[in-house]
file start_37.cif (mmCIF, C-alpha atoms)
data_work
#
loop_
_atom_site.label_atom_id
_atom_site.label_comp_id
_atom_site.auth_asym_id
_atom_site.auth_seq_id
_atom_site.Cartn_x
_atom_site.Cartn_y
_atom_site.Cartn_z
CA MET A 19 97.07 70.91 107.73
CA SER A 20 96.77 70.68 111.51
CA THR A 21 93.59 72.33 112.77
CA VAL A 22 93.46 71.16 116.37
CA ALA A 23 93.46 73.93 118.96
CA ALA A 24 95.84 73.14 121.79
CA LYS A 25 94.05 75.17 124.49
CA PRO A 26 90.54 76.38 125.34
CA THR A 27 89.30 79.17 123.09
CA LYS A 28 87.94 82.61 123.91
CA ARG A 29 85.31 84.48 121.94
CA LEU A 30 86.74 86.40 118.99
CA PRO A 31 85.98 90.17 119.27
CA LEU A 32 85.01 90.62 115.60
CA ALA A 33 83.38 93.99 116.20
CA ARG A 34 86.75 95.50 117.16
CA VAL A 35 89.08 93.93 114.58
CA ARG A 36 89.67 94.30 110.84
CA THR A 37 89.23 91.22 108.66
CA SER A 38 91.99 91.50 106.07
CA SER A 39 91.78 90.45 102.42
CA SER A 40 94.31 87.63 102.92
CA LEU A 41 91.43 85.55 104.30
CA CYS A 42 88.63 86.75 102.03
CA SER A 43 87.70 83.15 101.14
CA VAL A 44 86.72 82.53 104.78
CA ALA A 45 83.14 83.46 105.69
CA LYS A 46 82.82 85.64 108.78
CA LYS A 47 80.55 83.07 110.42
CA GLU A 48 83.47 80.63 110.51
CA LEU A 49 85.49 82.96 112.75
CA CYS A 50 84.21 82.29 116.24
CA GLY A 51 87.03 82.16 118.76
CA VAL A 52 90.69 82.72 119.46
CA VAL A 53 93.16 80.38 121.12
CA VAL A 54 96.40 81.56 122.70
CA ASP A 55 99.13 79.07 121.81
CA PRO A 56 102.59 80.66 121.50
CA ALA A 57 104.18 77.22 121.07
CA ARG A 58 102.24 76.44 117.87
CA THR A 59 104.24 76.52 114.64
CA PRO A 60 102.07 78.36 112.08
CA GLU A 61 101.18 76.86 108.72
CA VAL A 62 100.44 78.59 105.43
CA GLY A 63 96.86 79.81 105.65
CA ASP A 64 96.54 79.79 109.46
CA VAL A 65 94.41 82.75 110.54
CA ALA A 66 95.61 84.78 113.52
CA LEU A 67 94.39 87.73 115.55
CA CYS A 68 97.16 90.33 115.62
CA ARG A 69 97.89 93.70 117.18
CA VAL A 70 100.22 96.29 115.63
CA VAL A 71 103.12 97.03 117.98
CA ARG A 72 105.40 99.05 115.66
CA LEU A 73 104.51 100.68 112.37
CA GLY A 74 106.95 100.15 109.54
CA GLN A 75 106.63 99.72 105.77
CA HIS A 76 102.89 99.07 105.79
CA HIS A 77 100.70 101.75 107.37
CA SER A 78 97.39 100.34 106.17
CA ILE A 79 95.44 97.10 105.97
CA GLU A 80 93.28 96.02 103.04
CA HIS A 81 89.86 94.78 104.12
CA GLY A 82 88.14 91.86 102.41
CA SER A 83 85.79 94.38 100.77
CA GLY A 84 88.73 96.18 99.17
CA ARG A 85 88.55 99.14 101.53
CA ILE A 86 91.93 100.37 102.76
CA HIS A 87 92.04 100.99 106.52
CA MET A 88 94.75 103.08 108.14
CA ALA A 89 96.75 101.18 110.77
CA PHE A 90 97.96 102.59 114.07
CA ASP A 91 99.89 101.29 117.05
CA GLY A 92 97.43 98.97 118.74
CA THR A 93 95.27 98.29 115.65
CA GLN A 94 93.88 94.75 115.78
CA PHE A 95 93.23 92.70 112.66
CA LEU A 96 92.83 89.15 111.43
CA GLY A 97 95.58 88.05 109.05
CA ALA A 98 96.82 84.84 107.49
CA PHE A 99 100.30 83.33 107.52
CA GLY A 100 102.04 82.89 104.20
CA ASN A 101 105.27 83.25 102.23
CA ARG A 102 106.04 86.32 100.15
CA TYR A 103 108.24 86.87 97.11
CA ALA A 104 108.57 90.55 96.25
CA PRO A 105 111.98 91.82 95.05
CA ASP A 106 110.85 95.43 95.47
CA TYR A 107 109.75 94.74 99.07
CA PHE A 108 110.38 91.54 101.02
CA GLU A 109 111.17 87.90 100.84
CA ALA A 110 109.38 86.45 103.86
CA LEU A 111 108.56 82.97 105.10
CA VAL A 112 106.13 81.38 107.51
CA PRO A 113 107.90 81.00 110.89
CA THR A 114 109.29 77.54 111.57
CA SER A 115 108.67 77.59 115.32
CA GLY A 116 106.23 79.02 117.85
CA VAL A 117 105.53 82.73 117.43
CA THR A 118 104.45 85.62 119.66
CA LYS A 119 105.49 88.39 117.25
CA CYS A 120 105.95 88.47 113.49
CA ASP A 121 106.00 90.83 110.51
CA LEU A 122 103.17 92.27 108.46
CA ILE A 123 104.56 91.39 105.03
CA ALA A 124 101.75 92.73 102.82
CA ARG A 125 98.93 95.24 103.16
CA SER A 126 96.47 92.39 102.72
CA GLY A 127 97.24 91.16 106.24
CA LEU A 128 99.76 88.53 105.21
CA LEU A 129 101.91 87.41 108.14
CA GLY A 130 105.41 85.98 108.16
CA LYS A 131 109.04 86.48 109.08
CA VAL A 132 111.09 88.70 106.78
CA LYS A 133 114.17 86.92 105.45
CA GLY A 134 115.43 89.83 103.35
CA LYS A 135 114.23 93.19 102.07
CA ASN A 136 114.90 95.69 99.33
CA SER A 137 117.36 98.29 100.60
CA ALA A 138 115.11 101.10 99.36
CA ILE A 139 112.33 100.34 101.84
CA ILE A 140 112.10 100.53 105.61
CA ASP A 141 111.67 97.66 108.04
CA PRO A 142 108.33 95.83 108.13
CA THR A 143 105.50 96.64 110.48
CA ARG A 144 105.73 94.40 113.55
CA VAL A 145 102.70 92.74 115.08
CA GLU A 146 101.92 90.75 118.18
CA VAL A 147 100.20 87.43 117.56
CA VAL A 148 97.38 87.55 120.13
CA GLY A 149 96.17 84.06 119.16
CA PHE A 150 94.93 81.82 116.38
CA ALA A 151 91.35 82.14 115.11
CA THR A 152 89.11 79.10 115.68
CA ASP A 153 85.78 77.90 114.35
CA ARG A 154 82.72 76.99 116.40
CA ASP A 155 84.23 73.57 117.18
CA GLY A 156 87.49 75.06 118.46
CA ARG A 157 89.54 74.09 115.40
CA ILE A 158 92.10 76.56 114.10
CA VAL A 159 90.85 78.28 110.94
CA ASN A 160 93.05 77.85 107.87
CA THR A 161 92.19 79.58 104.59
CA ARG A 162 93.08 76.49 102.55
CA ASN A 163 90.12 74.70 104.12
CA PHE A 164 87.72 77.26 102.65
CA PRO A 165 88.19 77.42 98.88
CA ALA A 166 85.39 79.19 97.01
CA ILE A 167 86.41 77.48 93.76
CA THR A 168 86.64 73.70 93.97
CA GLU A 169 85.44 72.34 90.63
CA GLU A 170 87.59 71.18 87.74
CA PRO A 171 86.99 73.10 84.48
CA ASN A 172 84.41 72.02 81.96
CA PRO A 173 86.23 71.29 78.66
CA ALA A 174 83.25 72.71 76.76
CA ASP A 175 83.69 76.05 78.55
CA LEU A 176 87.42 76.14 77.84
CA ALA A 177 86.84 75.49 74.16
CA LYS A 178 84.65 78.58 73.89
CA VAL A 179 87.03 81.21 75.32
CA LYS A 180 90.27 82.85 74.26
CA LEU A 181 92.96 83.13 76.94
CA VAL A 182 95.03 86.32 77.01
CA LEU A 183 97.98 85.62 79.30
CA VAL A 184 99.82 88.66 80.67
CA VAL A 185 103.36 88.04 81.97
CA GLY A 186 106.29 90.28 82.78
CA ALA A 187 110.04 90.60 83.00
CA SER A 188 109.80 91.46 86.70
CA MET A 189 107.68 92.80 89.52
CA ASN A 190 106.24 96.25 88.74
CA ALA A 191 106.84 95.91 85.00
CA GLY A 192 103.29 97.10 84.28
CA LYS A 193 101.41 93.78 84.08
CA SER A 194 98.27 94.83 85.96
CA THR A 195 97.95 98.02 83.92
CA ALA A 196 98.34 96.03 80.70
CA ALA A 197 95.79 93.46 81.86
CA LYS A 198 93.39 96.28 82.67
CA ALA A 199 93.94 97.76 79.21
CA CYS A 200 93.19 94.40 77.58
CA VAL A 201 89.99 94.01 79.58
CA TYR A 202 88.91 97.58 78.83
CA SER A 203 89.54 97.30 75.09
CA LEU A 204 87.72 94.00 74.76
CA ALA A 205 84.75 95.11 76.87
CA ALA A 206 84.53 98.46 75.06
CA ARG A 207 84.23 96.58 71.78
CA GLY A 208 81.37 94.45 73.06
CA GLU A 209 83.30 91.31 73.96
CA LYS A 210 82.46 89.19 76.98
CA VAL A 211 85.42 89.29 79.40
CA ALA A 212 86.37 87.67 82.69
CA ALA A 213 89.71 88.36 84.37
CA GLY A 214 91.95 87.07 87.12
CA LYS A 215 95.36 86.73 88.66
CA ALA A 216 96.85 83.26 88.95
CA THR A 217 99.83 83.80 91.26
CA GLY A 218 101.26 86.31 93.70
CA THR A 219 100.40 87.74 97.10
CA ALA A 220 96.83 88.44 98.23
CA SER A 221 95.75 91.91 97.11
CA LEU A 222 92.39 92.95 95.77
CA LYS A 223 93.78 96.04 94.02
CA ASP A 224 94.74 94.31 90.77
CA ILE A 225 91.55 92.35 90.19
CA LEU A 226 89.34 95.27 91.25
CA LEU A 227 91.14 97.33 88.60
CA MET A 228 90.15 94.69 86.03
CA GLU A 229 86.57 94.79 87.30
CA ASP A 230 86.51 98.57 86.94
CA ALA A 231 87.75 98.14 83.37
CA GLY A 232 84.71 96.05 82.44
CA ALA A 233 85.33 92.42 83.39
CA GLU A 234 82.05 90.66 84.13
CA VAL A 235 83.66 88.61 86.89
CA VAL A 236 87.08 88.73 88.51
CA SER A 237 88.89 86.33 90.82
CA ASP A 238 92.33 85.19 91.89
CA PHE A 239 94.21 82.44 93.72
CA THR A 240 92.74 83.47 97.08
CA ALA A 241 89.43 81.98 95.89
CA LEU A 242 91.25 78.63 95.97
CA GLY A 243 92.11 79.25 99.64
CA TYR A 244 95.71 80.42 99.14
CA PRO A 245 96.76 83.76 100.68
CA THR A 246 99.93 83.54 98.59
CA THR A 247 101.40 81.22 95.97
CA TYR A 248 105.11 81.59 96.82
CA LEU A 249 106.64 78.13 97.38
CA VAL A 250 103.55 76.12 96.42
CA SER A 251 104.27 72.85 94.64
CA ARG A 252 104.11 72.52 90.87
CA GLU A 253 100.92 70.48 91.24
CA GLU A 254 99.33 73.17 93.39
CA ALA A 255 100.32 75.95 90.96
CA GLU A 256 98.83 74.07 88.02
CA THR A 257 95.65 73.22 89.95
CA ILE A 258 95.16 76.84 90.98
CA PHE A 259 95.52 78.03 87.39
CA ARG A 260 93.36 75.27 85.94
CA ARG A 261 90.44 75.74 88.32
CA LEU A 262 90.62 79.53 88.25
CA PHE A 263 90.69 79.56 84.45
CA GLY A 264 87.79 77.11 84.36
CA HIS A 265 85.75 79.29 86.73
CA LEU A 266 86.35 82.41 84.63
CA ALA A 267 85.79 80.57 81.35
CA HIS A 268 82.36 79.43 82.52
CA VAL A 269 81.30 83.07 82.82
CA ALA A 270 83.01 84.30 79.67
CA LYS A 271 81.83 81.58 77.27
CA GLY A 272 82.18 82.89 73.74
CA GLY A 273 84.52 85.65 74.91
CA TYR A 274 87.87 86.18 76.59
CA VAL A 275 89.67 85.41 79.84
CA VAL A 276 92.48 87.85 80.68
CA MET A 277 94.85 86.26 83.20
CA GLU A 278 97.80 87.95 84.87
CA VAL A 279 100.73 85.96 86.27
CA ALA A 280 102.73 87.74 88.98
CA ASP A 281 106.41 88.72 89.05
CA GLY A 282 108.75 87.87 86.18
CA ILE A 283 109.20 84.93 83.83
CA LEU A 284 112.29 83.76 85.74
CA GLN A 285 110.40 83.53 89.03
CA ARG A 286 109.70 80.02 90.33
CA GLU A 287 105.89 79.81 90.22
CA THR A 288 105.61 81.90 87.06
CA ARG A 289 107.98 79.48 85.36
CA MET A 290 105.83 76.55 86.55
CA ILE A 291 102.77 78.14 84.97
CA LEU A 292 104.54 78.78 81.67
CA GLU A 293 105.86 75.22 81.59
CA SER A 294 102.43 73.70 82.23
CA PRO A 295 101.09 71.77 79.20
CA PHE A 296 97.55 72.77 80.20
CA VAL A 297 98.39 76.47 80.18
CA ARG A 298 100.42 76.31 76.99
CA ARG A 299 97.62 74.49 75.21
CA HIS A 300 95.10 77.24 75.95
CA ILE A 301 97.10 80.43 75.31
CA HIS A 302 95.48 82.55 72.59
CA ARG A 303 97.61 85.68 73.05
CA LEU A 304 100.73 86.15 75.19
CA VAL A 305 101.53 89.71 76.29
CA LEU A 306 105.01 90.43 77.68
CA CYS A 307 105.33 93.48 79.95
CA CYS A 308 108.72 95.08 80.56
CA GLY A 309 110.17 98.13 82.25
CA ASP A 310 112.89 98.81 79.68
CA PRO A 311 113.90 97.83 76.12
CA LEU A 312 116.67 95.47 77.19
CA ALA A 313 114.16 93.45 79.23
CA VAL A 314 112.07 93.15 76.09
CA ALA A 315 114.99 91.66 74.18
CA GLY A 316 115.83 89.21 76.95
CA GLY A 317 112.23 88.34 77.68
CA ILE A 318 111.34 87.47 74.10
CA GLN A 319 114.44 85.30 73.79
CA ILE A 320 113.76 83.43 77.04
CA LEU A 321 110.12 82.82 76.16
CA ASP A 322 111.07 81.57 72.70
CA ARG A 323 114.37 79.77 73.34
CA ASP A 324 113.82 78.31 76.81
CA LEU A 325 110.05 77.89 76.90
CA GLY A 326 109.07 77.55 73.25
CA LEU A 327 106.39 80.23 73.60
CA LYS A 328 105.49 82.85 71.03
CA THR A 329 105.12 86.41 72.27
CA HIS A 330 102.28 88.25 70.54
CA ALA A 331 102.60 91.77 71.95
CA ILE A 332 104.76 93.98 74.19
CA SER A 333 103.48 96.36 76.86
CA GLY A 334 104.37 97.59 80.32
CA ARG A 335 106.21 100.70 81.45
CA VAL A 336 108.54 100.60 78.44
CA ALA A 337 105.56 101.15 76.14
CA SER A 338 104.33 104.28 77.89
CA SER A 339 106.68 106.61 75.98
CA ASP A 340 107.50 107.17 72.33
CA LEU A 341 111.20 106.78 73.12
CA GLY A 342 110.65 103.43 74.82
CA ARG A 343 108.58 102.11 71.92
CA ARG A 344 111.18 103.31 69.41
CA GLU A 345 113.95 101.44 71.23
CA VAL A 346 111.81 98.30 71.33
CA ALA A 347 111.30 98.62 67.58
CA THR A 348 115.06 98.38 67.02
CA PHE A 349 114.94 94.80 68.31
CA THR A 350 111.50 93.43 67.36
CA LYS A 351 108.65 94.10 64.99
CA LEU A 352 106.12 92.86 67.55
CA PRO A 353 103.32 95.30 68.33
CA CYS A 354 104.04 97.41 71.41
CA PHE A 355 100.95 98.99 72.99
CA ASP A 356 100.66 101.79 75.52
CA ALA A 357 98.46 100.57 78.37
CA MET A 358 98.21 104.04 79.90
CA GLU A 359 96.58 105.73 76.89
CA VAL A 360 94.60 102.90 75.36
CA ASP A 361 93.64 102.73 71.69
CA THR A 362 90.75 100.29 72.10
CA ALA A 363 90.32 99.57 68.39
CA TYR A 364 94.01 98.80 67.93
CA LEU A 365 94.28 96.63 71.05
CA HIS A 366 91.06 94.78 70.26
CA HIS A 367 92.50 93.97 66.85
CA LEU A 368 95.74 92.67 68.42
CA LEU A 369 93.87 90.38 70.80
CA ARG A 370 91.41 88.89 68.28
#
call {"tool": "encode", "arguments": {"input": "start_37.cif", "output": "structure tokens"}}
result
Amino acid sequence: MSTVAAKPTKRLPLARVRTSSSLCSVAKKELCGVVVDPARTPEVGDVALCRVVRLGQHHSIEHGSGRIHMAFDGTQFLGAFGNRYAPDYFEALVPTSGVTKCDLIARSGLLGKVKGKNSAIIDPTRVEVVGFATDRDGRIVNTRNFPAITEEPNPADLAKVKLVLVVGASMNAGKSTAAKACVYSLAARGEKVAAGKATGTASLKDILLMEDAGAEVVSDFTALGYPTTYLVSREEAETIFRRLFGHLAHVAKGGYVVMEVADGILQRETRMILESPFVRRHIHRLVLCCGDPLAVAGGIQILDRDLGLKTHAISGRVASSDLGRREVATFTKLPCFDAMEVDTAYLHHLLR
């Protein structure tokens, strides 16, 4: 990662800009200046001061505290460059040359260049890149240089927790709601629970939902310095999961870690996680979330046939109606739980 600023820096006007959640691993004291360098090719994690020039898909910006701020033409904020994989929204990549304008590709302040979008949504919000944020020594700030979690897991901690892994057939299949239901049921029955999200795009919404449900501590890949995990290497994906799981396991000793993996089981990084010997070795319960019965049938077969993984329960949007659950029952006898109206005793029993 190149961190050298090419030109003299100016003081960063922190009092007048929003600090987005894509750089929540970076302490505010590290953000000291801004350098204007339109010739610089951004890297994943580079922090930039931006100004909204045209509102589009995203009309708000998520602050590092979780607060959602409305955005307007002229709103200034600090964001981080990254790649995004979101079939319901955008595929976007970090620009491969110097940049003066780019797209806001997630509410968390993630910056990039949209490669393609879902036809059901409008064009992305456009922003002007005012300059790159620098530290007190004039070096460009990159989120990957500020991981909050750096330690490898303690095997003794891992041996004392049960990992509930929540995966899905696709984006928006109901994974976060199912993970929340698992956390809530376990906590309501007196279990010690920690929860996290191993892959995806920076967004505090999902892990804050798990915290509200009763998790004693929550965290995600941004604590490893990554504003997004799309296009990370296999080694990086495994390291993120391993260290995040270890961090959560240390808190939840004697209890459970509920971990969500973004997108669907055919997606690149999700597949890497499910193929990891470390992850496979520690799975206690695997929950598959789907939007429809046919996805259940295909998902179970792919997990079993292609990945050699046993599915323990079904959830997601398909499980939120009697009709959906009845159709699932025509294919599998696996338990199918409604994550919207949670039976805590039943779900606690399934996860034990």
call {"tool": "resolve_selection", "arguments": {"input": "start_37.cif", "expression": "the PyMOL selection byres ((chain A and resi 341-348) around 12)", "output": "ChimeraX atom specification"}}
result
/A:307-318,331-340,349-356
call {"tool": "closest_residue", "arguments": {"input": "start_37.cif", "among": "A:Lys28, A:Lys119, A:His76, A:Arg298", "to": "Ala57 in chain A", "atoms": "all atoms listed in the file"}}
result
A:Lys119
call {"tool": "residues_near_point", "arguments": {"input": "start_37.cif", "point": "(105.0, 74.4, 111.0)", "cutoff": "7 Å", "atoms": "all atoms listed in the file", "output": "list in words"}}
result
Thr59, Pro60, Glu61, Thr114 and Ser115 of chain A
call {"tool": "write_last_selection", "arguments": {"input": "start_37.cif", "atoms": "C-alpha atoms", "output": "mmCIF file, in the frame of the given file"}}
result
data_model
loop_
_atom_site.group_PDB
_atom_site.id
_atom_site.type_symbol
_atom_site.label_atom_id
_atom_site.label_comp_id
_atom_site.auth_asym_id
_atom_site.auth_seq_id
_atom_site.Cartn_x
_atom_site.Cartn_y
_atom_site.Cartn_z
ATOM 1 C CA THR A 59 104.240 76.520 114.640
ATOM 2 C CA PRO A 60 102.070 78.360 112.080
ATOM 3 C CA GLU A 61 101.180 76.860 108.720
ATOM 4 C CA THR A 114 109.290 77.540 111.570
ATOM 5 C CA SER A 115 108.670 77.590 115.320
#
call {"tool": "resolve_selection", "arguments": {"input": "start_37.cif", "expression": "the PyMOL selection byres ((chain A and resi 29) around 7)", "output": "count of residues only"}}
result
7
call {"tool": "resolve_selection", "arguments": {"input": "start_37.cif", "expression": "the PyMOL selection byres ((chain A and resi 153-159) around 12)", "output": "JSON, numbers by chain"}}
result
{"A": [19, 20, 21, 22, 23, 24, 25, 26, 27, 28, 29, 30, 41, 43, 44, 45, 46, 47, 48, 49, 50, 51, 52, 53, 54, 55, 58, 60, 61, 62, 63, 64, 65, 66, 67, 96, 97, 98, 99, 149, 150, 151, 152, 160, 161, 162, 163, 164, 243]}
call {"tool": "atom_distance", "arguments": {"input": "start_37.cif", "atom1": "CA of Leu176 in chain A", "atom2": "CA of Val211 in chain A"}}
result
13.4 Å
call {"tool": "atom_distance", "arguments": {"input": "start_37.cif", "atom1": "CA of Leu262 in chain A", "atom2": "CA of Arg286 in chain A"}}
result
19.2 Å
call {"tool": "closest_residue", "arguments": {"input": "start_37.cif", "among": "A:Asp238, A:Glu287, A:Glu229, A:Glu278", "to": "Glu253 in chain A", "atoms": "all atoms listed in the file"}}
result
A:Glu287
call {"tool": "atom_distance", "arguments": {"input": "start_37.cif", "atom1": "CA of Ala220 in chain A", "atom2": "CA of Leu242 in chain A"}}
result
11.5 Å
call {"tool": "closest_residue", "arguments": {"input": "start_37.cif", "among": "A:Lys193, A:Arg72, A:Lys210, A:Lys198", "to": "Gly282 in chain A", "atoms": "only C-alpha atoms"}}
result
A:Lys193
call {"tool": "closest_residue", "arguments": {"input": "start_37.cif", "among": "A:Ser237, A:Ser194, A:Ser188, A:Thr288", "to": "Glu256 in chain A", "atoms": "only C-alpha atoms"}}
result
A:Thr288
call {"tool": "closest_residue", "arguments": {"input": "start_37.cif", "among": "A:Asp224, A:Asp281, A:Glu293, A:Asp361", "to": "Ala104 in chain A", "atoms": "all atoms listed in the file"}}
result
A:Asp281
call {"tool": "residues_around", "arguments": {"input": "start_37.cif", "residues": "His367 in chain A", "least_positions_apart": "6", "cutoff": "10 Å", "atoms": "all atoms listed in the file", "output": "MDAnalysis selection string"}}
result
chainID A and resid 203:204 207
